[in-house]
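Q: Structure supplied as upload-v7.csv; contents: CSV, C-alpha atoms.
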```csv
chain,number,residue,atom,x,y,z
A,1,SER,CA,5.1,16.8,12.8
A,2,SER,CA,2.7,19.2,10.8
A,3,ILE,CA,3.3,17.4,7.5
A,4,TYR,CA,3.1,13.8,8.9
A,5,PRO,CA,-0.8,13.6,9.3
A,6,TYR,CA,-1.3,15.0,5.8
A,7,ALA,CA,1.1,12.4,4.3
A,8,PHE,CA,-0.9,9.7,6.1
A,9,ALA,CA,-4.2,11.1,4.9
A,10,LEU,CA,-2.9,11.4,1.3
A,11,LEU,CA,-1.8,7.8,1.4
A,12,LEU,CA,-5.3,6.6,2.3
A,13,PHE,CA,-6.8,9.0,-0.3
A,14,ILE,CA,-4.8,7.6,-3.2
A,15,VAL,CA,-5.0,3.9,-2.2
A,16,PRO,CA,-7.9,3.2,-4.8
A,17,PHE,CA,-5.8,5.0,-7.5
A,18,ASP,CA,-2.9,2.6,-7.1
A,19,ASP,CA,-3.0,1.6,-10.8
A,20,TYR,CA,-2.7,5.2,-11.9
A,21,VAL,CA,-0.2,6.5,-9.3
A,22,ARG,CA,1.6,3.3,-8.6
A,23,ALA,CA,4.8,5.0,-7.1
A,24,TRP,CA,3.0,7.4,-4.8
A,25,PRO,CA,1.9,4.9,-2.1
A,26,ASN,CA,5.5,3.6,-1.8
A,27,ILE,CA,6.9,7.2,-1.7
A,28,LEU,CA,4.4,8.2,1.0
A,29,LEU,CA,5.2,5.1,3.0
A,30,ILE,CA,8.9,5.9,2.9
A,31,ILE,CA,8.2,9.5,4.0
A,32,LEU,CA,6.1,8.2,6.9
A,33,ALA,CA,8.6,5.5,7.9
A,34,VAL,CA,11.6,7.9,7.8
A,35,SER,CA,9.6,10.6,9.7
A,36,PHE,CA,8.2,8.2,12.3
A,37,PRO,CA,11.1,8.1,14.7
A,38,PHE,CA,11.2,11.9,14.8
A,39,VAL,CA,7.5,12.4,15.6
A,40,VAL,CA,6.6,9.5,17.8
A,41,ALA,CA,7.0,9.5,21.6
A,42,LYS,CA,7.0,6.7,24.1
A,43,LYS,CA,3.6,7.7,25.5
A,44,ASP,CA,2.1,7.3,22.0
A,45,PHE,CA,2.5,3.5,22.3
A,46,LEU,CA,0.2,3.6,25.4
A,47,ARG,CA,-2.7,4.4,23.1
A,48,ILE,CA,-2.7,0.8,21.8
A,49,ASN,CA,-5.1,-1.6,23.5
A,50,ARG,CA,-2.8,-4.3,24.8
A,51,THR,CA,-5.2,-7.3,24.6
A,52,GLY,CA,-6.2,-6.5,21.0
A,53,ILE,CA,-2.6,-5.9,19.7
A,54,ILE,CA,-1.4,-9.1,21.5
A,55,ILE,CA,-4.1,-11.1,19.6
A,56,ILE,CA,-3.4,-9.7,16.2
A,57,ILE,CA,0.4,-10.0,16.6
A,58,SER,CA,-0.1,-13.6,17.8
A,59,PHE,CA,-2.1,-14.2,14.6
A,60,LEU,CA,0.7,-12.9,12.5
A,61,LEU,CA,3.3,-14.9,14.5
A,62,SER,CA,1.3,-18.1,14.1
A,63,ILE,CA,1.5,-17.7,10.3
A,64,VAL,CA,5.2,-17.0,10.5
A,65,VAL,CA,5.8,-20.1,12.8
A,66,VAL,CA,3.8,-22.6,10.7
A,67,SER,CA,5.4,-21.2,7.5
A,68,VAL,CA,8.9,-21.8,8.9
A,69,LEU,CA,8.1,-25.2,10.4
A,70,SER,CA,6.3,-26.5,7.3
A,71,GLY,CA,8.8,-25.1,4.8
A,72,ASN,CA,6.2,-22.8,3.3
A,73,TRP,CA,7.9,-19.5,4.0
A,74,ASP,CA,8.4,-18.6,0.4
A,75,GLU,CA,4.8,-19.1,-0.7
A,76,ASN,CA,3.4,-17.6,2.5
A,77,GLN,CA,5.7,-14.5,2.5
A,78,SER,CA,3.2,-12.4,0.5
A,79,ILE,CA,0.4,-13.0,2.9
A,80,ILE,CA,2.7,-12.4,5.9
A,81,GLY,CA,3.7,-9.1,4.2
A,82,LYS,CA,0.0,-8.0,3.8
A,83,VAL,CA,-0.8,-8.7,7.4
A,84,GLY,CA,2.4,-6.7,8.2
A,85,ILE,CA,1.1,-3.8,6.2
A,86,GLY,CA,-2.0,-3.6,8.3
A,87,LEU,CA,0.0,-3.6,11.5
A,88,GLY,CA,2.4,-1.1,10.0
A,89,MET,CA,-0.5,1.3,9.3
A,90,LEU,CA,-1.5,1.0,12.9
A,91,LEU,CA,2.1,1.7,14.0
A,92,LEU,CA,2.6,4.7,11.7
A,93,TYR,CA,-0.7,6.2,12.9
A,94,LEU,CA,0.4,6.4,16.6
A,95,PRO,CA,1.7,10.0,16.5
A,96,ILE,CA,-1.7,11.2,15.1
A,97,TYR,CA,-4.2,12.0,17.8
A,98,ASN,CA,-7.0,13.6,15.8
A,99,ASN,CA,-8.6,11.1,13.5
A,100,ASP,CA,-10.5,13.6,11.5
A,101,LYS,CA,-8.0,13.6,8.7
A,102,LEU,CA,-8.2,9.9,8.5
A,103,LYS,CA,-12.0,10.0,8.3
A,104,ASN,CA,-12.0,12.8,5.7
A,105,ALA,CA,-9.4,10.9,3.6
A,106,ILE,CA,-11.7,7.9,3.4
A,107,ILE,CA,-14.8,10.1,2.6
A,108,PHE,CA,-13.0,12.1,-0.1
A,109,SER,CA,-11.4,9.0,-1.5
A,110,SER,CA,-14.8,7.4,-1.9
A,111,ILE,CA,-16.2,10.5,-3.6
A,112,ALA,CA,-13.2,10.6,-5.9
A,113,ALA,CA,-13.7,7.0,-6.8
A,114,VAL,CA,-17.4,7.5,-7.5
A,115,ILE,CA,-16.7,10.5,-9.7
A,116,PHE,CA,-13.9,8.7,-11.6
A,117,SER,CA,-16.1,5.6,-12.1
A,118,CYS,CA,-19.2,7.5,-13.1
A,119,PHE,CA,-17.2,9.6,-15.7
A,120,ASN,CA,-16.0,6.3,-17.3
A,121,ILE,CA,-19.5,4.9,-17.2
A,122,LEU,CA,-20.8,8.0,-19.1
A,123,MET,CA,-18.0,7.6,-21.6
A,124,LEU,CA,-19.0,4.0,-22.1
A,125,ILE,CA,-22.6,4.9,-22.6
A,126,LYS,CA,-21.6,7.6,-25.1
A,127,ASN,CA,-19.5,5.1,-27.1
A,128,THR,CA,-21.7,2.0,-26.9
A,129,GLY,CA,-25.1,3.3,-26.1
A,130,THR,CA,-25.6,0.8,-23.3
A,131,PHE,CA,-24.5,0.0,-19.8
A,132,GLU,CA,-25.5,-3.2,-18.1
A,133,PHE,CA,-23.4,-5.1,-15.6
A,134,GLY,CA,-23.3,-8.8,-16.6
A,135,ALA,CA,-24.0,-8.1,-20.3
A,136,SER,CA,-20.2,-7.9,-20.9
A,137,GLU,CA,-16.9,-7.1,-19.2
A,138,ASN,CA,-16.9,-3.5,-20.5
A,139,PRO,CA,-18.9,-2.0,-17.5
A,140,LEU,CA,-16.4,-3.6,-15.1
A,141,THR,CA,-13.5,-1.9,-16.8
A,142,THR,CA,-15.1,1.5,-16.1
A,143,LEU,CA,-14.7,1.1,-12.4
A,144,LEU,CA,-11.7,2.5,-10.6
A,145,ILE,CA,-11.0,-0.7,-8.7
A,146,ASP,CA,-12.8,-4.1,-8.2
A,147,ARG,CA,-16.4,-3.6,-7.5
A,148,LEU,CA,-16.1,-5.4,-4.2
A,149,TYR,CA,-13.5,-2.9,-2.9
A,150,LEU,CA,-15.5,0.0,-4.2
A,151,GLY,CA,-18.4,-1.3,-2.2
A,152,LEU,CA,-16.2,-1.7,0.9
A,153,LEU,CA,-14.9,1.9,0.5
A,154,SER,CA,-18.4,3.3,0.1
A,155,VAL,CA,-19.7,1.5,3.1
A,156,MET,CA,-16.9,2.8,5.3
A,157,SER,CA,-17.5,6.3,4.0
A,158,VAL,CA,-21.2,6.0,4.8
A,159,VAL,CA,-20.5,4.7,8.3
A,160,ILE,CA,-18.0,7.6,9.0
A,161,SER,CA,-20.4,10.2,7.7
A,162,TYR,CA,-23.3,8.8,9.7
A,163,LYS,CA,-21.2,9.0,12.8
A,164,SER,CA,-20.1,12.6,12.0
A,165,ILE,CA,-23.7,13.9,11.7
A,166,SER,CA,-24.6,15.7,14.9
A,167,LYS,CA,-28.1,15.8,16.4
A,168,LYS,CA,-28.0,19.6,16.5
A,169,TYR,CA,-27.5,21.9,13.5
A,170,ASN,CA,-24.0,21.9,12.1
A,171,PRO,CA,-23.0,23.1,8.6
A,172,TYR,CA,-21.1,19.9,8.0
A,173,ASN,CA,-24.2,17.8,8.4
A,174,ARG,CA,-25.4,18.5,4.9
A,175,TYR,CA,-22.1,17.4,3.4
A,176,HIS,CA,-22.1,14.2,5.3
A,177,LEU,CA,-25.7,13.6,4.3
A,178,ALA,CA,-24.8,14.2,0.7
A,179,ASN,CA,-21.9,11.8,1.0
A,180,ILE,CA,-24.2,9.1,2.4
A,181,ILE,CA,-26.7,9.5,-0.4
A,182,ILE,CA,-24.1,9.6,-3.2
A,183,ASN,CA,-22.4,6.4,-1.9
A,184,ILE,CA,-25.6,4.5,-1.4
A,185,LEU,CA,-26.8,5.4,-4.9
A,186,PHE,CA,-23.4,4.3,-6.3
A,187,VAL,CA,-23.4,0.9,-4.7
A,188,PHE,CA,-26.9,0.3,-6.2
A,189,LEU,CA,-25.7,1.6,-9.6
A,190,ILE,CA,-22.8,-0.8,-9.7
A,191,VAL,CA,-24.8,-3.6,-8.1
A,192,ALA,CA,-22.3,-4.2,-5.3
A,193,ARG,CA,-24.3,-7.1,-3.6
A,194,MET,CA,-22.3,-7.4,-0.4
A,195,ALA,CA,-22.2,-3.6,0.0
A,196,ILE,CA,-26.0,-3.4,-0.4
A,197,LEU,CA,-26.6,-6.3,2.0
A,198,THR,CA,-24.1,-4.8,4.5
A,199,LEU,CA,-25.9,-1.4,4.4
A,200,ILE,CA,-29.2,-3.1,5.1
A,201,ALA,CA,-27.7,-5.1,8.0
A,202,LEU,CA,-26.2,-1.9,9.5
A,203,THR,CA,-29.6,-0.1,9.2
A,204,LEU,CA,-31.2,-3.0,11.1
A,205,LEU,CA,-28.3,-3.0,13.6
A,206,GLN,CA,-28.9,0.7,14.3
A,207,PHE,CA,-32.3,-0.1,15.8
A,208,PHE,CA,-30.6,-1.7,18.8
A,209,TYR,CA,-28.6,1.5,19.5
A,210,SER,CA,-30.8,4.4,18.6
A,211,THR,CA,-34.3,3.9,20.0
A,212,ARG,CA,-36.8,1.4,21.3
A,213,ASN,CA,-39.7,3.5,19.9
A,214,LYS,CA,-41.7,1.0,17.8
A,215,LYS,CA,-43.2,3.8,15.6
A,216,ILE,CA,-39.7,5.0,14.6
A,217,ILE,CA,-38.6,1.4,14.0
A,218,ILE,CA,-41.6,0.7,11.8
A,219,ILE,CA,-41.2,4.0,9.9
A,220,THR,CA,-37.5,3.3,9.3
A,221,LEU,CA,-38.2,-0.2,8.1
A,222,VAL,CA,-40.9,1.0,5.7
A,223,ALA,CA,-38.6,3.7,4.4
A,224,THR,CA,-35.7,1.3,3.9
A,225,VAL,CA,-37.9,-1.3,2.1
A,226,SER,CA,-39.4,1.5,0.0
A,227,VAL,CA,-36.0,2.8,-1.1
A,228,ILE,CA,-34.7,-0.6,-2.0
A,229,SER,CA,-37.9,-1.6,-3.8
A,230,LEU,CA,-37.8,1.7,-5.8
A,231,ALA,CA,-34.2,1.1,-6.7
A,232,PHE,CA,-35.0,-2.4,-8.0
A,233,ALA,CA,-38.1,-1.1,-9.9
A,234,LEU,CA,-36.2,1.7,-11.6
A,235,ASN,CA,-33.1,-0.3,-12.5
A,236,SER,CA,-34.0,-3.6,-14.1
A,237,ASN,CA,-30.3,-4.4,-14.5
A,238,LEU,CA,-30.0,-4.2,-10.7
A,239,ALA,CA,-32.6,-6.9,-10.2
A,240,GLU,CA,-31.1,-9.0,-12.9
A,241,ARG,CA,-27.6,-8.8,-11.5
A,242,PHE,CA,-28.6,-9.1,-7.8
A,243,PHE,CA,-30.8,-12.2,-8.4
A,244,TYR,CA,-28.8,-13.7,-11.2
A,245,ILE,CA,-31.6,-13.4,-13.7
A,246,THR,CA,-30.9,-14.1,-17.4
A,247,ASN,CA,-33.1,-14.8,-20.4
A,248,ASN,CA,-32.5,-18.5,-20.0
A,249,ASN,CA,-33.1,-19.1,-16.3
A,250,GLN,CA,-36.3,-17.2,-15.4
A,251,ASP,CA,-38.1,-20.5,-14.6
A,252,GLN,CA,-35.4,-21.5,-12.1
A,253,SER,CA,-35.5,-20.8,-8.4
A,254,LEU,CA,-33.1,-18.3,-6.8
A,255,ILE,CA,-31.0,-21.1,-5.3
A,256,GLU,CA,-30.7,-22.8,-8.7
A,257,LYS,CA,-29.6,-19.5,-10.3
A,258,VAL,CA,-27.0,-18.8,-7.6
A,259,PHE,CA,-25.5,-22.3,-7.9
A,260,LYS,CA,-25.3,-22.0,-11.7
A,261,ARG,CA,-24.0,-18.4,-12.0
A,262,GLU,CA,-22.1,-17.6,-8.8
A,263,PRO,CA,-18.4,-18.7,-9.0
A,264,ARG,CA,-18.2,-18.9,-5.2
A,265,THR,CA,-20.5,-21.9,-5.1
A,266,VAL,CA,-17.9,-23.8,-7.1
A,267,ILE,CA,-15.0,-22.3,-5.2
A,268,TRP,CA,-16.4,-23.1,-1.8
A,269,ALA,CA,-17.5,-26.6,-2.8
A,270,CYS,CA,-13.8,-27.2,-3.8
A,271,SER,CA,-12.6,-25.7,-0.6
A,272,ASN,CA,-14.9,-28.0,1.4
A,273,LYS,CA,-13.6,-30.9,-0.6
A,274,ILE,CA,-10.0,-30.1,0.3
A,275,VAL,CA,-11.0,-29.6,4.0
A,276,LYS,CA,-12.6,-33.1,4.1
A,277,GLU,CA,-9.6,-34.7,2.3
A,278,GLU,CA,-7.1,-33.1,4.7
A,279,GLY,CA,-9.0,-33.3,8.0
A,280,LEU,CA,-7.9,-31.1,10.9
A,281,MET,CA,-4.9,-29.0,9.9
A,282,PHE,CA,-2.6,-27.3,12.4
A,283,SER,CA,0.0,-26.0,9.9
A,284,GLY,CA,-2.2,-25.6,6.7
A,285,LEU,CA,-1.2,-26.4,3.1
A,286,GLY,CA,0.5,-23.1,2.5
A,287,PHE,CA,-1.4,-20.3,0.7
A,288,LYS,CA,0.1,-21.0,-2.7
A,289,GLN,CA,-0.4,-24.8,-2.4
A,290,ALA,CA,-4.0,-24.2,-1.3
A,291,ARG,CA,-4.7,-22.3,-4.5
A,292,GLU,CA,-3.1,-25.0,-6.6
A,293,ARG,CA,-5.3,-27.6,-5.0
A,294,LEU,CA,-8.3,-25.4,-5.8
A,295,VAL,CA,-7.2,-25.2,-9.4
A,296,ASN,CA,-6.9,-29.0,-9.6
A,297,CYS,CA,-10.4,-29.3,-8.2
A,298,TYR,CA,-11.7,-26.9,-10.9
A,299,GLU,CA,-10.1,-29.1,-13.5
A,300,SER,CA,-11.5,-32.3,-12.2
A,301,ASP,CA,-15.0,-31.3,-10.9
A,302,ILE,CA,-16.3,-28.7,-13.4
A,303,VAL,CA,-18.2,-30.4,-16.2
A,304,ASN,CA,-19.0,-27.5,-18.4
A,305,PRO,CA,-15.9,-27.0,-20.7
A,306,GLU,CA,-16.4,-23.2,-21.1
A,307,ARG,CA,-16.8,-22.7,-17.3
A,308,LYS,CA,-13.9,-25.0,-16.6
A,309,GLU,CA,-11.7,-23.0,-19.0
A,310,TRP,CA,-12.7,-19.7,-17.3
A,311,PHE,CA,-12.0,-21.0,-13.8
A,312,LEU,CA,-8.6,-22.4,-14.9
A,313,PHE,CA,-7.8,-19.0,-16.5
A,314,LYS,CA,-8.8,-17.0,-13.5
A,315,ARG,CA,-7.3,-19.4,-10.9
A,316,TYR,CA,-9.8,-18.2,-8.3
A,317,ASN,CA,-8.6,-18.2,-4.7
A,318,THR,CA,-11.0,-19.2,-1.8
A,319,HIS,CA,-12.8,-15.8,-1.9
A,320,ASN,CA,-13.4,-16.2,1.8
A,321,GLN,CA,-10.8,-14.9,4.3
A,322,TYR,CA,-11.6,-17.4,7.0
A,323,ILE,CA,-11.4,-20.5,4.7
A,324,ASP,CA,-8.2,-19.0,3.2
A,325,ILE,CA,-6.5,-18.7,6.5
A,326,TYR,CA,-7.5,-22.2,7.5
A,327,LEU,CA,-6.3,-23.8,4.3
A,328,GLY,CA,-3.1,-21.7,4.2
A,329,ALA,CA,-2.0,-21.5,7.8
A,330,GLY,CA,-4.1,-24.0,9.8
A,331,ILE,CA,-6.6,-24.0,12.6
A,332,ILE,CA,-4.5,-22.0,15.2
A,333,ALA,CA,-4.1,-19.0,12.9
A,334,LEU,CA,-7.9,-19.1,12.1
A,335,LEU,CA,-8.9,-19.3,15.7
A,336,LEU,CA,-6.6,-16.3,16.6
A,337,PHE,CA,-8.1,-14.3,13.7
A,338,LEU,CA,-11.6,-15.1,14.8
A,339,THR,CA,-10.7,-14.4,18.4
A,340,PHE,CA,-9.6,-10.9,17.4
A,341,PHE,CA,-13.1,-10.2,15.9
A,342,PHE,CA,-14.9,-11.8,18.8
A,343,TRP,CA,-12.8,-9.8,21.3
A,344,SER,CA,-13.5,-6.6,19.3
A,345,PHE,CA,-17.2,-7.2,19.3
A,346,ILE,CA,-17.3,-7.7,23.1
A,347,LYS,CA,-15.0,-4.8,23.7
A,348,HIS,CA,-16.9,-2.3,21.6
A,349,ARG,CA,-20.5,-3.8,21.7
A,350,LYS,CA,-21.9,-0.5,23.1
A,351,ASP,CA,-20.4,1.7,20.3
A,352,TYR,CA,-22.5,1.5,17.1
A,353,TYR,CA,-19.9,3.2,15.0
A,354,LEU,CA,-17.2,0.6,15.8
A,355,MET,CA,-19.6,-2.3,15.7
A,356,ALA,CA,-20.7,-1.1,12.2
A,357,MET,CA,-17.0,-1.1,11.1
A,358,LEU,CA,-16.6,-4.6,12.5
A,359,VAL,CA,-19.7,-5.9,10.9
A,360,THR,CA,-18.6,-4.4,7.6
A,361,PHE,CA,-15.2,-6.2,7.6
A,362,VAL,CA,-16.6,-9.5,8.9
A,363,SER,CA,-19.1,-9.4,6.1
A,364,PHE,CA,-16.7,-8.7,3.3
A,365,GLY,CA,-14.3,-11.3,4.7
A,366,LEU,CA,-17.0,-13.9,3.9
A,367,ILE,CA,-16.6,-13.3,0.2
A,368,GLU,CA,-13.1,-11.8,-0.2
A,369,ASN,CA,-9.5,-12.3,1.0
A,370,TYR,CA,-8.1,-9.0,2.3
A,371,PHE,CA,-4.6,-10.3,2.5
A,372,HIS,CA,-4.4,-11.2,-1.1
A,373,ARG,CA,-4.6,-7.6,-2.2
A,374,GLN,CA,-2.6,-4.5,-1.3
A,375,ILE,CA,-5.8,-2.4,-1.0
A,376,GLY,CA,-7.3,-5.0,1.4
A,377,ALA,CA,-4.2,-4.8,3.6
A,378,TYR,CA,-4.4,-1.0,3.8
A,379,TYR,CA,-8.1,-1.1,4.7
A,380,PHE,CA,-7.6,-3.8,7.3
A,381,GLY,CA,-5.0,-1.4,8.8
A,382,VAL,CA,-7.7,1.3,8.9
A,383,LEU,CA,-9.9,-1.2,10.9
A,384,LEU,CA,-7.0,-1.8,13.3
A,385,ILE,CA,-6.6,2.0,13.8
A,386,PHE,CA,-10.3,2.4,14.6
A,387,ILE,CA,-10.5,-0.6,16.9
A,388,LEU,CA,-7.2,-0.6,18.8
A,389,LEU,CA,-6.3,3.1,19.3
A,390,ASP,CA,-7.6,5.4,22.0
A,391,TYR,CA,-8.7,8.8,20.8
A,392,LYS,CA,-10.1,10.1,24.2
A,393,SER,CA,-7.1,12.3,25.0
A,394,THR,CA,-4.5,14.5,23.4
A,395,PRO,CA,-0.8,14.0,23.9
A,396,GLU,CA,-1.0,16.4,26.8
A,397,GLY,CA,-3.8,14.5,28.3
A,398,GLY,CA,-6.6,17.0,27.6
A,399,GLU,CA,-9.9,15.9,26.2
A,400,ILE,CA,-10.6,16.5,22.5
A,401,ASN,CA,-13.7,16.5,20.4
A,402,ASN,CA,-13.1,14.5,17.2
A,403,GLU,CA,-16.2,15.5,15.4
A,404,HIS,CA,-16.8,18.3,12.9
A,405,LYS,CA,-13.3,19.6,12.7
A,406,SER,CA,-12.0,20.8,9.3
```
Take the structure in the file and give it back as structure tokens.

A:
Amino acid sequence: SSIYPYAFALLLFIVPFDDYVRAWPNILLIILAVSFPFVVAKKDFLRINRTGIIIIISFLLSIVVVSVLSGNWDENQSIIGKVGIGLGMLLLYLPIYNNDKLKNAIIFSSIAAVIFSCFNILMLIKNTGTFEFGASENPLTTLLIDRLYLGLLSVMSVVISYKSISKKYNPYNRYHLANIIINILFVFLIVARMAILTLIALTLLQFFYSTRNKKIIIITLVATVSVISLAFALNSNLAERFFYITNNNQDQSLIEKVFKREPRTVIWACSNKIVKEEGLMFSGLGFKQARERLVNCYESDIVNPERKEWFLFKRYNTHNQYIDIYLGAGIIALLLFLTFFFWSFIKHRKDYYLMAMLVTFVSFGLIENYFHRQIGAYYFGVLLIFILLDYKSTPEGGEINNEHKS
């Protein structure tokens, strides 16, 4: 029982380091799974919100049913497994009542990822004398994991630290503030667009929860705009990458630049084409078949030979979790998935902390498929833990304070 929470925290800490410690997550999962029957109690299951868990299990079962009925079980099995990992994380967390180790694991994991990536960036600058995202693939290889998931991890870390800062003096406040600053600077450094946009959205969202004082709102807005403007002014590569600026397209509008350089414009156009061809789908095409259809679309619709070759080499998936679920498993699965988020927003609308987590995952779902990556499945499991579990009482029923515990 004493080791179990640390094993879970260590699992979350090393998730971004999967390429370097590939066996460790599996070992820790085995330790947790074997230990689970000995540390869990019947009353622990009462912590799960019934409505929320019914919706998310129904979502999983809908994919299972359509996969069996349509004969797509083999090609959908990987996605089913990823959704299962998220639910498994929720289940394994039931015996743990204090969520401080979970929050600290995410914070320390983000800091470790930042340090690892920044060290590699410094080595790249030392060896090549330059560092510009978009100029070549070299800067991307310096990052610990995909830039999008680094951004997701940083945003989660910022939200957790913001929640953990108390209004009165506390020695941990300075560490949480430092963590917020480090992660915000990092997402600007690596030009993680969605992370930057999400942080801006969360800042604006905070106005609805913190105060109605117009002066404070104006000051905060001015400060936010000033910081962002300064970041763009000091880092020319940030502006170039964020607004898709190159030496050859400076006379084009932002929309023209996006359509020409952003792969998702082609991906989503092909996805829309498939949706129109198929009409309303109750069982979907199957996740593998949906990707094959996208590849066929790239081959037939992309005119530029070099770009076509790149798209066929990368075999891009939908890069949108909602489109992916619809094409892969049909309208019922998509509606259940959307229902989970809608219910979560209604249930936790008065809690900025949980709303911020929900906004973060909904936003990243617009440009990425969680359930195509192991790391995405783990982090979706973290969302389920925050959203579906009750932390208000200890196993004995006494009240606890989850903030500022070491």

Q: Write out, as CSV, each residue of range 17-134 of chain A that has an atom at most 12 Å from range 145-168 of chain A, together with the closest pair of atoms and their distance in Å to one decimal, counting all atoms listed in the file, rows going by chain and rising number.

A:
```
residue,atom,partner,partner_atom,distance
A:Phe17,CA,A:Ile145,CA,7.8
A:Asp18,CA,A:Ile145,CA,8.9
A:Asp19,CA,A:Ile145,CA,8.6
A:Tyr20,CA,A:Ile145,CA,10.7
A:Asn99,CA,A:Ile160,CA,11.0
A:Asp100,CA,A:Ser164,CA,9.7
A:Lys101,CA,A:Ile160,CA,11.7
A:Leu102,CA,A:Ile160,CA,10.1
A:Lys103,CA,A:Ile160,CA,6.5
A:Asn104,CA,A:Ile160,CA,8.6
A:Ala105,CA,A:Ser157,CA,9.3
A:Ile106,CA,A:Ser157,CA,6.0
A:Ile107,CA,A:Ser157,CA,4.9
A:Phe108,CA,A:Ser157,CA,8.4
A:Ser109,CA,A:Leu153,CA,8.2
A:Ser110,CA,A:Ser154,CA,5.8
A:Ile111,CA,A:Ser154,CA,8.4
A:Ala112,CA,A:Ser154,CA,10.8
A:Ala113,CA,A:Leu150,CA,7.7
A:Val114,CA,A:Leu150,CA,8.4
A:Ile115,CA,A:Leu150,CA,11.9
A:Phe116,CA,A:Ile145,CA,10.3
A:Ser117,CA,A:Ile145,CA,8.8
A:Phe133,CA,A:Arg147,CA,10.8
```

Q: Give me, as CSV, each residue of range 27-73 of chain A that comes within 12 Å of range 312-327 of chain A, together with its shortest interatomic pair and the distance in Å at one decimal, counting all atoms listed in the file, with rows ordered by chain and rising residue number.

A:
```
residue,atom,partner,partner_atom,distance
A:Phe59,CA,A:Ile325,CA,10.3
A:Leu60,CA,A:Ile325,CA,11.0
A:Ser62,CA,A:Ile325,CA,10.9
A:Ile63,CA,A:Ile325,CA,8.9
A:Val66,CA,A:Tyr326,CA,11.8
```

Q: Go ahead and write the selection's residues with C-alpha atoms as an mmCIF file, keeping the file's coordinate frame.

A:
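Result file follows (again_21.cif):
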```
data_model
loop_
_atom_site.group_PDB
_atom_site.id
_atom_site.type_symbol
_atom_site.label_atom_id
_atom_site.label_comp_id
_atom_site.auth_asym_id
_atom_site.auth_seq_id
_atom_site.Cartn_x
_atom_site.Cartn_y
_atom_site.Cartn_z
ATOM 1 C CA PHE A 59 -2.100 -14.200 14.600
ATOM 2 C CA LEU A 60 0.700 -12.900 12.500
ATOM 3 C CA SER A 62 1.300 -18.100 14.100
ATOM 4 C CA ILE A 63 1.500 -17.700 10.300
ATOM 5 C CA VAL A 66 3.800 -22.600 10.700
#
```

Q: Would you compute the distance between CA of Tyr209 in chain A and CA of Tyr352 in chain A? Give it in Å to one decimal.

A: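 Atom-to-atom, CA of Tyr209 in chain A to CA of Tyr352 in chain A, that is 6.6 Å.
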
Q: Select, from A:Tyr353, A:Tyr93, A:Phe380, A:Tyr175, the residue with the minimum atom-to-atom distance to Gly365 in chain A, counting only C-alpha atoms.

A: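 Once distances to Gly365 in chain A are computed over only C-alpha atoms, the minimum belongs to A:Phe380.
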
Q: Of the candidates A:Pro25, A:Pro95, A:Pro171, A:Gly376, which shows the shortest atom-to-atom distance to Leu10 in chain A, using all atoms listed in the file?

A: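 Ranking A:Pro25, A:Pro95, A:Pro171, A:Gly376 by distance to Leu10 in chain A, first place goes to A:Pro25.
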
Q: Excluding Ser67 in chain A and residues on its chain fewer than 3 positions from it, collect all residues at most 8 Å away from it, counting only C-alpha atoms, and give them as a PDB file with C-alpha atoms, keeping the file's coordinate frame.

A:
```pdb
ATOM      1  CA  ILE A  63       1.500 -17.700  10.300  1.00  0.00           C
ATOM      2  CA  VAL A  64       5.200 -17.000  10.500  1.00  0.00           C
ATOM      3  CA  SER A  70       6.300 -26.500   7.300  1.00  0.00           C
ATOM      4  CA  GLY A  71       8.800 -25.100   4.800  1.00  0.00           C
ATOM      5  CA  ASN A  72       6.200 -22.800   3.300  1.00  0.00           C
ATOM      6  CA  TRP A  73       7.900 -19.500   4.000  1.00  0.00           C
ATOM      7  CA  ASN A  76       3.400 -17.600   2.500  1.00  0.00           C
ATOM      8  CA  SER A 283       0.000 -26.000   9.900  1.00  0.00           C
ATOM      9  CA  GLY A 286       0.500 -23.100   2.500  1.00  0.00           C
ATOM     10  CA  ALA A 329      -2.000 -21.500   7.800  1.00  0.00           C
TER      11      ALA A 329
END
```

Q: Which residue out of A:Pro305, A:Gly52, A:Pro263, A:Gly381 has the minimum interatomic distance to Leu90 in chain A when all atoms listed in the file are used?

A: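 Closest to Leu90 in chain A of all the choices is A:Gly381.
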
Q: Give me, as a tab-separated table (two decimals) with C-alpha atoms, keeping the file's coordinate frame, all polymer residues having an atom no more than 10 Å from Ile3 in chain A, counting all atoms listed in the file and skipping those fewer than 5 positions away in the same chain.

A:
```
chain	number	residue	atom	x	y	z
A	8	PHE	CA	-0.90	9.70	6.10
A	31	ILE	CA	8.20	9.50	4.00
A	32	LEU	CA	6.10	8.20	6.90
A	35	SER	CA	9.60	10.60	9.70
```

Q: Do a neighbour search on range 346-348 of chain A at 12 Å with only C-alpha atoms, toss out local chain neighbours closer than 2 positions, and write the hits as a list in words.

A: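 What passes the distance filter is Asn49, Thr51, Gly52, Thr339, Phe340, Phe341, Phe342, Trp343, Ser344, Lys350, Asp351, Tyr352, Tyr353, Leu354, Met355, Ala356, Met357, Leu358, Val359, Phe386, Ile387 and Leu388 of chain A.
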
Q: With distances taken over all atoms listed in the file, which of A:Leu87, A:Leu124, A:Gly330, A:Val65 is nearest to Ile48 in chain A?

A: A:Leu87

Q: Report, in Å to a single decimal, how far apart CA of Glu75 in chain A and CA of Gln289 in chain A are.

A: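 Pair CA of Gln289 in chain A / CA of Glu75 in chain A returns 7.9 Å.
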
Q: Tell me which of A:Asp74, A:Val303, A:Lys43, A:Ile96 sits closest to Tyr6 in chain A, counting all atoms listed in the file.

A: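 Of A:Asp74, A:Val303, A:Lys43, A:Ile96, the one nearest Tyr6 in chain A, counting all atoms listed in the file, is A:Ile96.
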